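Enquirer: Provided below: structure-v1.txt, containing compact mmCIF, C-alpha atoms.
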# COMPACT_ATOMS: atom_id res chain seq x y z
CA MET A 1 213.56 19.59 109.81
CA SER A 2 210.60 18.68 107.57
CA LEU A 3 208.49 21.31 105.83
CA PHE A 4 205.47 20.31 107.92
CA THR A 5 207.43 20.83 111.15
CA GLN A 6 208.72 24.20 109.95
CA ILE A 7 205.21 25.39 109.11
CA PHE A 8 203.77 24.01 112.35
CA VAL A 9 206.43 25.72 114.52
CA ALA A 10 206.07 28.96 112.56
CA LEU A 11 202.28 29.00 113.06
CA ILE A 12 202.63 28.29 116.78
CA ILE A 13 205.19 31.09 117.17
CA LEU A 14 203.10 33.55 115.12
CA GLY A 15 200.08 32.78 117.31
CA PHE A 16 202.17 33.33 120.39
CA LEU A 17 203.51 36.65 119.05
CA PHE A 18 199.99 37.86 118.27
CA TYR A 19 198.95 36.87 121.80
CA VAL A 20 201.84 38.84 123.34
CA VAL A 21 201.07 41.88 121.19
CA SER A 22 197.38 41.73 122.14
CA LYS A 23 198.32 41.60 125.83
CA LEU A 24 200.62 44.58 125.26
CA ARG A 25 197.85 46.56 123.54
CA ARG A 26 195.44 45.88 126.42
CA GLU A 27 198.18 46.98 128.83
CA GLN A 28 198.15 43.62 130.60
CA ILE A 29 201.91 43.28 130.22
CA GLU A 30 204.62 45.92 130.38
CA PHE A 31 206.59 46.75 127.26
CA LYS A 32 209.93 45.70 128.73
CA TYR A 33 208.61 42.19 129.45
CA ALA A 34 206.76 41.91 126.14
CA LEU A 35 209.91 42.94 124.30
CA VAL A 36 211.80 39.92 125.66
CA TRP A 37 209.06 37.57 124.47
CA ILE A 38 208.75 39.27 121.08
CA ILE A 39 212.51 39.08 120.47
CA SER A 40 212.61 35.44 121.62
CA GLY A 41 209.66 34.55 119.42
CA GLY A 42 211.22 36.35 116.47
CA ILE A 43 214.47 34.43 116.87
CA ILE A 44 212.65 31.09 117.15
CA LEU A 45 210.55 31.99 114.10
CA LEU A 46 213.66 32.89 112.11
CA LEU A 47 215.39 29.65 113.10
CA SER A 48 212.33 27.53 112.29
CA VAL A 49 211.91 29.08 108.84
CA PHE A 50 215.64 28.95 108.08
CA PRO A 51 217.05 25.91 109.95
CA GLY A 52 220.35 26.26 108.07
CA ILE A 53 221.18 29.25 110.27
CA LEU A 54 221.11 27.04 113.35
CA THR A 55 223.29 24.42 111.68
CA TRP A 56 225.78 27.10 110.64
CA MET A 57 225.83 28.63 114.15
CA ALA A 58 226.38 25.23 115.76
CA ALA A 59 229.26 24.46 113.38
CA SER A 60 230.78 27.92 113.92
CA ILE A 61 230.71 27.64 117.69
CA GLY A 62 231.84 24.02 117.68
CA VAL A 63 228.68 22.47 119.08
CA GLY A 64 228.21 18.93 117.79
CA LEU A 65 224.47 19.01 117.12
CA PRO A 66 222.24 22.02 116.35
CA LEU A 67 219.71 20.67 118.87
CA ASN A 68 222.30 21.00 121.64
CA LEU A 69 222.72 24.67 120.68
CA VAL A 70 218.94 25.15 120.89
CA PHE A 71 218.87 23.69 124.39
CA PHE A 72 221.89 25.77 125.45
CA LEU A 73 220.32 28.99 124.14
CA GLY A 74 217.03 28.08 125.81
CA ILE A 75 218.76 27.58 129.14
CA ILE A 76 220.59 30.91 128.78
CA LEU A 77 217.31 32.67 127.94
CA ASN A 78 215.61 31.08 130.97
CA LEU A 79 218.46 32.23 133.22
CA ILE A 80 218.16 35.79 131.93
CA ILE A 81 214.39 35.84 132.40
CA SER A 82 214.66 34.28 135.88
CA PHE A 83 217.23 36.85 136.94
CA ALA A 84 215.11 39.73 135.61
CA LEU A 85 212.07 38.39 137.48
CA THR A 86 214.14 38.00 140.66
CA VAL A 87 215.22 41.64 140.44
CA THR A 88 211.62 42.72 139.88
CA TYR A 89 210.43 40.58 142.78
CA SER A 90 213.04 42.10 145.08
CA LYS A 91 212.02 45.63 144.14
CA LEU A 92 208.34 44.86 144.68
CA LYS A 93 209.04 43.18 148.01
CA ASN A 94 210.88 46.28 149.22
CA MET A 95 208.05 48.51 148.00
CA VAL A 96 205.45 46.41 149.82
CA TYR A 97 207.57 46.55 152.97
CA ARG A 98 207.78 50.36 152.77
CA VAL A 99 204.07 50.75 152.04
CA THR A 100 203.23 48.49 154.99
CA GLN A 101 205.39 50.59 157.29
CA MET A 102 203.83 53.82 156.01
CA ASN A 103 200.35 52.34 156.46
CA ALA A 104 201.15 51.37 160.05
CA ILE A 105 202.44 54.87 160.81
CA LEU A 106 199.34 56.49 159.27
CA ASP A 107 197.07 54.08 161.15
CA ASN A 108 198.81 54.95 164.41
CA ASP A 109 198.46 58.68 163.67
CA LEU A 110 194.77 58.24 162.83
CA THR A 111 194.11 56.32 166.05
CA ARG A 112 195.91 59.02 168.08
CA ILE A 113 193.97 61.84 166.37
CA ARG A 114 190.65 60.05 166.89
CA ALA A 115 191.48 59.59 170.58
CA GLU A 116 192.30 63.30 170.90
CA ILE A 117 189.05 64.28 169.19
CA GLU A 118 187.01 61.94 171.38
CA SER A 119 188.64 63.22 174.56
CA ALA A 120 188.08 66.82 173.46
CA GLY A 121 184.45 66.01 172.68
CA LYS A 122 183.93 64.40 176.10
CA ILE A 123 185.30 67.45 177.87
CA ALA A 124 183.18 69.86 175.84
CA GLY A 125 180.10 67.62 176.05
CA GLY A 126 179.86 67.68 179.84
CA ILE A 127 181.01 64.11 180.38
CA ALA A 128 184.27 65.18 181.98
CA PRO A 129 184.83 65.06 185.74
CA ALA A 130 183.77 68.03 187.84
CA ALA A 131 187.26 69.55 188.09
CA GLU A 132 187.66 69.52 184.33
CA ARG A 133 184.15 70.97 183.84
CA THR A 134 185.01 73.77 186.22
CA ALA A 135 188.20 74.53 184.29
CA VAL A 136 186.32 74.47 180.98
CA ASN A 137 183.57 76.71 182.40
CA THR A 138 186.17 79.17 183.68
CA VAL A 139 187.81 79.34 180.26
CA ASN A 140 184.43 79.68 178.54
CA SER A 141 183.24 82.45 180.87
CA ALA A 142 186.52 84.31 180.44
CA SER A 143 186.25 84.11 176.68
CA ASN A 144 182.59 85.20 176.80
CA ALA A 145 183.49 88.15 179.03
CA GLY A 146 186.23 89.12 176.61
CA SER A 147 183.89 89.01 173.66
CA THR A 148 181.25 91.07 175.52
CA ALA A 149 183.82 93.69 176.47
CA ALA A 150 184.98 93.85 172.87
CA GLU A 151 181.41 94.31 171.64
CA VAL A 152 180.79 97.34 173.94
Produce structure tokens that represent the structure in this file.
Expert:
Amino acid sequence: MSLFTQIFVALIILGFLFYVVSKLRREQIEFKYALVWIISGGIILLLSVFPGILTWMAASIGVGLPLNLVFFLGIILNLIISFALTVTYSKLKNMVYRVTQMNAILDNDLTRIRAEIESAGKIAGGIAPAAERTAVNTVNSASNAGSTAAEV
């Protein structure tokens, strides 16, 4: 790898790392996700500054070309990130499902309570049928008589 390419890749990776750290500071990305990108960027930076490490690793493992090792490691990293995102997606999907169910239950309870309040208000407001008004008046007169007897 030429010196120009090494410097170019290093500058790109450093810019990317600063971007990830700035997102982390502004709390726009969680630490566990930023850590993966920081470690990946650090490894790529190390390999771009010292390309002999990649050549040595490829020879040690038995990979013919160092570039093939780079592609293999990139594919492995993408699989790991994809799996982690799939797990996170599954958790969030289950949470949304539970919250939706809880919201439906609370909405049903609220509708039922509003209906009970409205029906109680209609009975007390004189809108109820005559039989219900008579029953309410009987209860009210009995409670008024009880309070007058208690006051004497």
Enquirer: Would you kindly return, as an MDAnalysis selection string, each protein, DNA or RNA residue with an atom no farther than 10 Å from any atom of range 69-78 of chain A, considering all atoms listed in the file and excluding same-chain residues fewer than 3 positions away?
Expert: chainID A and resid 36 40 44 47 54:55 57:59 61:66 81:84
Enquirer: Grab the CA of Ile12 in chain A to CA of Ile43 in chain A distance for me, in Å with one decimal place.
Expert: 13.3 Å
Enquirer: Rounded to one decimal, what separation in Å do you get between CA of Ile117 in chain A and CA of Gln101 in chain A?
Expert: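 Between CA of Ile117 in chain A and CA of Gln101 in chain A the gap is 24.4 Å.
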Enquirer: Which distance in Å separates CA of Gly41 in chain A and CA of Phe8 in chain A, to one decimal?
Expert: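 These atoms are spaced 14.0 Å apart.
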Enquirer: Do you know which residues are at most 8 Å from Leu45 in chain A counting only C-alpha atoms, after dropping those on the same chain fewer than 6 positions away, and could you put them as an NGL selection string?
Expert: :A and (9-10 or 13-14)
Enquirer: Create the file for the chosen residues now, containing C-alpha atoms and written as a tab-separated table (two decimals), keeping the file's coordinate frame.
Expert:
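Result saved to again.tsv:
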chain	number	residue	atom	x	y	z
A	9	VAL	CA	206.43	25.72	114.52
A	10	ALA	CA	206.07	28.96	112.56
A	13	ILE	CA	205.19	31.09	117.17
A	14	LEU	CA	203.10	33.55	115.12
Enquirer: Select, counting all atoms listed in the file, all protein, DNA and RNA residues no farther than 12 Å from (205.8, 42.8, 131.1) in file coordinates, and express the selection as a ChimeraX atom specification.
Expert: /A:20-21,23-38,81,84-85,88
Enquirer: Axis-aligned box over every listed atom of range 18-37 of chain A, padded by 5 Å per side: centre and edges in Å to one decimal, as JSON?
Expert:
{"center_x": 203.6, "center_y": 41.9, "center_z": 124.4, "size_x": 26.4, "size_y": 20.1, "size_z": 22.3}
Enquirer: In terms of the shortest atom-to-atom distance over all atoms listed in the file, which of A:Met102, A:Leu17, A:Ile80, A:Met95 is closest to Gly42 in chain A?
Expert: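 Of A:Met102, A:Leu17, A:Ile80, A:Met95, the one nearest Gly42 in chain A, counting all atoms listed in the file, is A:Leu17.
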Enquirer: Taking the structure in the block just given, could you write range 32-69 of chain A with N, CA and C atoms, as a tab-separated table (two decimals), in the first residue's frame?
Expert:
chain	number	residue	atom	x	y	z
A	32	LYS	N	-23.05	0.89	23.59
A	32	LYS	CA	-22.76	-0.46	23.11
A	32	LYS	C	-22.65	-0.51	21.59
A	33	TYR	N	-23.41	0.33	20.88
A	33	TYR	CA	-23.31	0.37	19.43
A	33	TYR	C	-22.09	1.18	18.99
A	34	ALA	N	-21.82	2.28	19.70
A	34	ALA	CA	-20.65	3.09	19.36
A	34	ALA	C	-19.37	2.31	19.60
A	35	LEU	N	-19.36	1.46	20.61
A	35	LEU	CA	-18.17	0.69	20.92
A	35	LEU	C	-17.79	-0.22	19.76
A	36	VAL	N	-18.76	-0.84	19.12
A	36	VAL	CA	-18.49	-1.70	17.97
A	36	VAL	C	-17.83	-0.90	16.86
A	37	TRP	N	-18.35	0.29	16.59
A	37	TRP	CA	-17.79	1.11	15.52
A	37	TRP	C	-16.42	1.65	15.89
A	38	ILE	N	-16.22	2.00	17.15
A	38	ILE	CA	-14.91	2.51	17.58
A	38	ILE	C	-13.86	1.41	17.49
A	39	ILE	N	-14.19	0.21	17.93
A	39	ILE	CA	-13.24	-0.91	17.84
A	39	ILE	C	-12.95	-1.24	16.38
A	40	SER	N	-13.98	-1.28	15.54
A	40	SER	CA	-13.78	-1.57	14.12
A	40	SER	C	-12.90	-0.51	13.47
A	41	GLY	N	-13.19	0.74	13.76
A	41	GLY	CA	-12.39	1.83	13.20
A	41	GLY	C	-10.95	1.78	13.68
A	42	GLY	N	-10.77	1.44	14.96
A	42	GLY	CA	-9.41	1.33	15.50
A	42	GLY	C	-8.62	0.22	14.82
A	43	ILE	N	-9.28	-0.90	14.57
A	43	ILE	CA	-8.60	-2.02	13.89
A	43	ILE	C	-8.24	-1.63	12.46
A	44	ILE	N	-9.18	-0.99	11.75
A	44	ILE	CA	-8.89	-0.57	10.37
A	44	ILE	C	-7.78	0.48	10.36
A	45	LEU	N	-7.79	1.39	11.33
A	45	LEU	CA	-6.73	2.39	11.42
A	45	LEU	C	-5.38	1.73	11.66
A	46	LEU	N	-5.34	0.78	12.57
A	46	LEU	CA	-4.10	0.06	12.86
A	46	LEU	C	-3.57	-0.67	11.62
A	47	LEU	N	-4.49	-1.34	10.91
A	47	LEU	CA	-4.07	-2.08	9.72
A	47	LEU	C	-3.67	-1.18	8.56
A	48	SER	N	-4.25	0.03	8.49
A	48	SER	CA	-3.85	0.94	7.41
A	48	SER	C	-2.51	1.59	7.70
A	49	VAL	N	-2.21	1.85	8.96
A	49	VAL	CA	-0.92	2.45	9.32
A	49	VAL	C	0.20	1.41	9.25
A	50	PHE	N	-0.12	0.19	9.67
A	50	PHE	CA	0.87	-0.90	9.66
A	50	PHE	C	0.35	-2.05	8.78
A	51	PRO	N	0.47	-1.95	7.47
A	51	PRO	CA	-0.07	-2.98	6.58
A	51	PRO	C	0.67	-4.31	6.70
A	52	GLY	N	1.85	-4.31	7.29
A	52	GLY	CA	2.59	-5.55	7.48
A	52	GLY	C	1.87	-6.51	8.42
A	53	ILE	N	1.07	-5.97	9.33
A	53	ILE	CA	0.30	-6.81	10.26
A	53	ILE	C	-0.68	-7.66	9.47
A	54	LEU	N	-1.34	-7.05	8.51
A	54	LEU	CA	-2.31	-7.77	7.69
A	54	LEU	C	-1.64	-8.86	6.86
A	55	THR	N	-0.48	-8.54	6.31
A	55	THR	CA	0.27	-9.53	5.53
A	55	THR	C	0.69	-10.69	6.41
A	56	TRP	N	1.17	-10.39	7.61
A	56	TRP	CA	1.57	-11.44	8.56
A	56	TRP	C	0.38	-12.31	8.96
A	57	MET	N	-0.78	-11.65	9.26
A	57	MET	CA	-1.97	-12.41	9.65
A	57	MET	C	-2.43	-13.33	8.52
A	58	ALA	N	-2.42	-12.82	7.29
A	58	ALA	CA	-2.85	-13.62	6.15
A	58	ALA	C	-1.93	-14.82	5.96
A	59	ALA	N	-0.63	-14.62	6.11
A	59	ALA	CA	0.33	-15.73	5.97
A	59	ALA	C	0.17	-16.72	7.11
A	60	SER	N	-0.09	-16.23	8.32
A	60	SER	CA	-0.26	-17.12	9.48
A	60	SER	C	-1.50	-18.00	9.35
A	61	ILE	N	-2.56	-17.43	8.86
A	61	ILE	CA	-3.82	-18.17	8.74
A	61	ILE	C	-3.81	-19.06	7.50
A	62	GLY	N	-3.02	-18.69	6.51
A	62	GLY	CA	-2.96	-19.48	5.28
A	62	GLY	C	-3.81	-18.91	4.17
A	63	VAL	N	-4.19	-17.64	4.30
A	63	VAL	CA	-4.95	-16.97	3.26
A	63	VAL	C	-3.96	-16.48	2.22
A	64	GLY	N	-4.28	-16.69	0.95
A	64	GLY	CA	-3.34	-16.36	-0.13
A	64	GLY	C	-2.99	-14.88	-0.21
A	65	LEU	N	-4.00	-14.02	-0.22
A	65	LEU	CA	-3.77	-12.58	-0.35
A	65	LEU	C	-4.31	-11.85	0.87
A	66	PRO	N	-3.61	-10.84	1.35
A	66	PRO	CA	-4.11	-10.05	2.48
A	66	PRO	C	-5.47	-9.41	2.20
A	67	LEU	N	-5.72	-9.05	0.95
A	67	LEU	CA	-7.01	-8.45	0.59
A	67	LEU	C	-8.16	-9.43	0.83
A	68	ASN	N	-7.92	-10.72	0.57
A	68	ASN	CA	-8.96	-11.72	0.85
A	68	ASN	C	-9.28	-11.78	2.34
A	69	LEU	N	-8.25	-11.62	3.18
A	69	LEU	CA	-8.47	-11.61	4.63
A	69	LEU	C	-9.29	-10.39	5.03
